[in-house]
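Asker: Quick one: this structure, given as structure tokens, is what I'll be asking you about.
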Amino acid sequence: MSRTIRTFEATITNQRQVRDDLDQLGWAASKLWNVGRYYAQEQWDETGEIPDDGELKAELKSHERYTDLHSQSSQRVLEELAEAFNGWFRKRRNGDDRARPPGYRKSGDSHPRSTVSFKAAGFKHDEQFTRVRLSKGRNLKEHRSDFILCEYETRPDVDLTEWDIQQVRAIYKRHEWRLQFVCRTTIDPEPPGDEVAGVDLGICNFAAVSFGGESVLYPGGALKEDGYYFAKKKAKCDDSSSREATRLDRKRTGRRTHFLHTLSKALVEACVKRGVGTLVVGDLGGIREDDGNGEPRNWGDHGNLGLHGWAFDRFTRLLDYKAEAEGIDVELVSERDTSKSCSACGHTDDNQRVERGLYVCERCDTVANADVNGAENIRQKVLPSLATDGGDETHSVSSAHQNGSRSGGGDRDNGWLAQPAVHLFDRSEGVFVPREQVVNREP
């Protein structure tokens, strides 16, 4: 049995009614941060030490700025300040001489709207009417209501009634206030089975999945189309920071988020259906690293455009927590040589990818979709290692493949490597469906 924590973001639907009150709290949080920052500087100058969050709370709890917020909200501001100083100290201890201590939250004569956190005593959730009541500080209750009543809307696939809400955060993003619900639950799911699947992440096909004997491609065309569409729309804006440009950015972000959530959900459902207990994902951590000559790695015009803003890490995190809820383990492995090696016999050659999307092994004549071949190689990285009768090489293979891929004999039924199923993102339904269903859908 394990405890899991998730953060779900929600849109505030009565923005006009609550904006002024939330602005007051956001400014108050910035002012309290600055008071704490000033006190910390004084202590640093006098003693050579920075006070921890306990000392900050004890010294400032009677300060006027402290009582602008609910006591727990004020405590969280000072905890964040202490955490920021600790992060600075760690960097300095590790030799980072360029690290700077946390600064003041002020721009000229104005204060930014800081995030305001509400712990259990500072909020009350009304699940029936999808709204949450946020408590104000004592100073801000005068002549106004004691709380802010925010109506909200989450993604369709989020049901907060299934979670224990630990904390609510009011955050200011892209010129509007939003809510974040920090939730906890206890889960103890049984794995769907003992099978292993491999996932290769990429540009044209966002995800290629090998289940060993079956493969599926999930193209990223919808994301590319959005990229071109919103770039053209934004280019027509007179100012990149205008209200219209901000609206376009918010819409594009929302559509991309929906795509990533939908894809991760579809992939996990496919694993459950096939009894997959382990999902192996190629680690793209170095995809933006340089090419060894001090220059950014060049993936071609379309590849570089596609990579810009693509949240591979974010997708992996979404996949991880959705898989965890189903009892599926997610493992990240290096993609090194997975695109160069034949998943059927293990032979490695830089020139075997004869054209875009096609992989042909000159040793065993296997023909495969290049992305599926990579996904199968990723899958095999965690399978049991067996010696094979393959000449002077020893390969990592699965017992399930002793009569197929990478075997010294038997039936080489590997047509699934060359002919994967293709699931497309259907915008009209907001889900992934087999390509045939999209093509044949009635207008």
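Letters A, B, ... go to the chains of the structure tokens in the order shown; residues in each chain start at 1; ligands are counted from 1 in the same order.
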Considering only C-alpha atoms, give me a table of residues in range 201-284 of chain A that are at most 9 Å from range 154-175 of chain A, with the closest atom pair and distance in Å for each, as a tab-separated table.

Answerer:
residue	atom	partner	partner_atom	distance
A:Arg243	CA	A:His175	CA	8.7
A:Thr246	CA	A:Arg174	CA	6.6
A:Arg247	CA	A:Arg174	CA	8.5
A:Asp249	CA	A:Arg174	CA	8.7
A:Arg250	CA	A:Arg174	CA	7.5
A:His258	CA	A:Arg155	CA	8.4

Asker: Looking only at strand (DSSP E or B) from DSSP on the backbone, list the matching residues of range 115-359 of chain A as number ranges by chain.

Answerer: A: 116-118, 123-126, 131-135, 147-153, 164-173, 176-187, 195-201, 205-210, 215-219, 276-283, 290, 296, 329-334, 341, 348, 355, 358-359

Asker: Can you work out which one of A:Arg76, A:Lys273, A:Lys381, A:Lys141 has the shortest atom-to-atom distance to Trp33 in chain A, counting only C-alpha atoms?

Answerer: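 Counting only C-alpha atoms, the residue closest to Trp33 in chain A is A:Arg76.
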
Asker: Residues within 12 Å of Phe129 in chain A, please, as a list in words. Count only C-alpha atoms; anything in the same chain fewer than 6 positions from it doesn't count.

Answerer: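 So, after excluding close chain neighbours, the residues are Leu149, Cys150, Glu151, Tyr152, Glu153 and Thr161 of chain A.
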
Asker: Restricting the calculation to only C-alpha atoms: of A:Cys204, A:Ala82, A:Ala231, A:Leu260, which residue gets closest to Leu248 in chain A?

Answerer: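 Under the stated criterion, the closest residue is A:Ala231.
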
Asker: Point out the residue among A:Lys234, A:Gly327, A:Leu201, A:Lys265 with the least atom-to-atom distance to Leu284 in chain A, counting only C-alpha atoms.

Answerer: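 Nearest candidate to Leu284 in chain A out of A:Lys234, A:Gly327, A:Leu201, A:Lys265: A:Leu201.
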
Asker: If you run DSSP on the backbone here, which positions in range 185-324 of chain A get helix (DSSP H, G or I)? Please write them as an MDAnalysis selection string.

Answerer: chainID A and resid 221:235 243:273 300:307 312:324

Asker: In terms of the shortest atom-to-atom distance over only C-alpha atoms, which of A:Asn86, A:Ser135, A:Asn34, A:Thr47 is closest to Ile148 in chain A?

Answerer: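 Selected residue with least distance to Ile148 in chain A: A:Ser135.
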
Asker: For a quick check of understanding, using only C-alpha atoms, which of A:Glu436, A:Glu335, A:Asp320, A:Glu269 has the smallest distance to Asp283 in chain A?

Answerer: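 Looking only at the distances to Asp283 in chain A, the closest residue turns out to be A:Glu335.
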
Asker: Skip Ala99 in chain A itself and residues of its chain fewer than 3 positions away, then list as a list of chain:residue names all residues within 9 Å of it, counting only C-alpha atoms.

Answerer: A:Trp88, A:Phe89, A:Lys91, A:Arg92, A:Asp96

Asker: Give me the residues near range 18-29 of chain A as a PyMOL selection string, where near means some atom within 9 Å (using only C-alpha atoms) and where sequence neighbours in that chain fewer than 2 positions away do not count.

Answerer: chain A and resi 12+14-16+31-34+65-66+68-69+73-74+77+110-116+136-137+140+147-150+170-172+176-177

Asker: Output the selection as a short mmCIF file (atom, residue, chain, number, x, y, z; two decimals), in the first residue's frame - N, CA and C atoms for each residue.

Answerer:
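Heads up, here's the output in part22.cif:
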data_model
loop_
_atom_site.label_atom_id
_atom_site.label_comp_id
_atom_site.auth_asym_id
_atom_site.auth_seq_id
_atom_site.Cartn_x
_atom_site.Cartn_y
_atom_site.Cartn_z
N ILE A 12 -10.57 29.28 -12.59
CA ILE A 12 -11.57 29.97 -11.77
C ILE A 12 -12.62 30.56 -12.71
N ASN A 14 -15.45 32.27 -11.90
CA ASN A 14 -16.00 33.58 -11.51
C ASN A 14 -14.86 34.56 -11.28
N GLN A 15 -13.97 34.63 -12.26
CA GLN A 15 -12.75 35.44 -12.17
C GLN A 15 -13.04 36.90 -11.81
N ARG A 16 -14.02 37.51 -12.46
CA ARG A 16 -14.30 38.93 -12.22
C ARG A 16 -14.71 39.20 -10.78
N LYS A 31 4.52 41.24 0.12
CA LYS A 31 4.99 42.16 1.16
C LYS A 31 5.54 41.39 2.36
N LEU A 32 4.86 40.29 2.74
CA LEU A 32 5.35 39.49 3.86
C LEU A 32 6.69 38.86 3.50
N TRP A 33 6.83 38.37 2.29
CA TRP A 33 8.11 37.82 1.83
C TRP A 33 9.22 38.86 2.02
N ASN A 34 8.94 40.10 1.63
CA ASN A 34 9.96 41.14 1.72
C ASN A 34 10.30 41.48 3.17
N ARG A 65 2.07 42.76 8.56
CA ARG A 65 2.00 42.07 7.27
C ARG A 65 1.65 40.59 7.45
N TYR A 66 2.04 40.01 8.58
CA TYR A 66 1.74 38.61 8.86
C TYR A 66 0.24 38.39 8.95
N ASP A 68 -2.07 40.06 7.44
CA ASP A 68 -2.80 40.33 6.20
C ASP A 68 -3.34 39.04 5.60
N LEU A 69 -2.69 37.93 5.93
CA LEU A 69 -3.08 36.62 5.40
C LEU A 69 -3.57 35.73 6.53
N SER A 73 -1.39 30.58 5.77
CA SER A 73 -0.87 31.11 4.51
C SER A 73 0.41 31.90 4.77
N SER A 74 0.42 32.69 5.85
CA SER A 74 1.63 33.44 6.20
C SER A 74 2.78 32.49 6.54
N VAL A 77 4.41 31.23 3.36
CA VAL A 77 5.27 32.22 2.70
C VAL A 77 6.67 32.19 3.33
N SER A 110 5.89 48.70 -7.26
CA SER A 110 4.80 47.72 -7.22
C SER A 110 5.30 46.36 -6.75
N HIS A 111 4.37 45.56 -6.26
CA HIS A 111 4.67 44.20 -5.83
C HIS A 111 4.00 43.20 -6.78
N PRO A 112 4.67 42.12 -7.11
CA PRO A 112 4.02 41.10 -7.94
C PRO A 112 2.99 40.34 -7.13
N ARG A 113 2.14 39.63 -7.81
CA ARG A 113 1.13 38.81 -7.14
C ARG A 113 1.76 37.44 -6.85
N SER A 114 2.09 37.19 -5.61
CA SER A 114 2.72 35.94 -5.22
C SER A 114 1.67 34.85 -5.03
N THR A 115 2.12 33.61 -5.13
CA THR A 115 1.24 32.47 -4.86
C THR A 115 0.84 32.47 -3.38
N VAL A 116 -0.43 32.19 -3.13
CA VAL A 116 -0.94 32.12 -1.76
C VAL A 116 -1.41 30.70 -1.51
N LYS A 136 -9.39 34.82 4.42
CA LYS A 136 -8.54 36.02 4.38
C LYS A 136 -7.83 36.18 5.73
N GLY A 137 -6.86 37.08 5.72
CA GLY A 137 -6.21 37.44 6.97
C GLY A 137 -7.06 38.43 7.76
N LEU A 140 -7.53 42.03 6.35
CA LEU A 140 -8.29 42.20 5.10
C LEU A 140 -9.76 41.86 5.25
N PHE A 147 -14.10 35.76 3.63
CA PHE A 147 -13.52 34.74 2.76
C PHE A 147 -13.76 35.09 1.29
N ILE A 148 -13.09 34.34 0.42
CA ILE A 148 -13.26 34.48 -1.03
C ILE A 148 -13.86 33.18 -1.53
N LEU A 149 -14.98 33.25 -2.23
CA LEU A 149 -15.65 32.06 -2.72
C LEU A 149 -15.34 31.89 -4.22
N CYS A 150 -14.45 30.93 -4.53
CA CYS A 150 -14.01 30.72 -5.91
C CYS A 150 -14.75 29.52 -6.52
N ALA A 170 -3.59 29.52 -4.65
CA ALA A 170 -4.04 30.50 -5.63
C ALA A 170 -2.80 31.02 -6.34
N ILE A 171 -2.70 30.80 -7.65
CA ILE A 171 -1.52 31.19 -8.41
C ILE A 171 -1.93 32.14 -9.53
N TYR A 172 -1.05 33.09 -9.81
CA TYR A 172 -1.32 34.07 -10.87
C TYR A 172 -0.50 33.71 -12.09
N GLU A 176 -4.15 35.95 -15.11
CA GLU A 176 -5.38 35.54 -14.43
C GLU A 176 -5.03 34.63 -13.26
N TRP A 177 -5.96 34.55 -12.32
CA TRP A 177 -5.76 33.68 -11.17
C TRP A 177 -6.27 32.28 -11.48
#

Asker: Could you check how far CA of Thr130 in chain A sits from CA of Thr7 in chain A, in Å to one decimal?

Answerer: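 Going from CA of Thr130 in chain A over to CA of Thr7 in chain A, I get 16.5 Å.
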
Asker: Using only C-alpha atoms, which residues sit within 9 Å of range 426-429 of chain A once same-chain residues fewer than 4 positions away are excluded, as a list of chain:residue names?

Answerer: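 Those residues are A:Ala222, A:Val433, A:Val438.
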
Asker: Quick one: everything within 7 Å of Asn377 in chain A, counting only C-alpha atoms, minus sequence neighbours fewer than 3 positions away in the same chain. Send it as a list of chain:residue names.

Answerer: A:Thr338, A:Ser343, A:Asn373, A:Gly374, A:Gln380, A:Lys381

Asker: Using only C-alpha atoms, can you tell me which of A:Gly36, A:Gly254, A:Gly193, A:Gly357 comes closest to Leu223 in chain A?

Answerer: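 For Leu223 in chain A, the nearest of the given residues is A:Gly254.
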
Asker: One decimal, Å: what's the distance from CA of Val367 in chain A over to CA of Tyr218 in chain A, could you say?

Answerer: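 Going from CA of Val367 in chain A over to CA of Tyr218 in chain A covers 20.0 Å.
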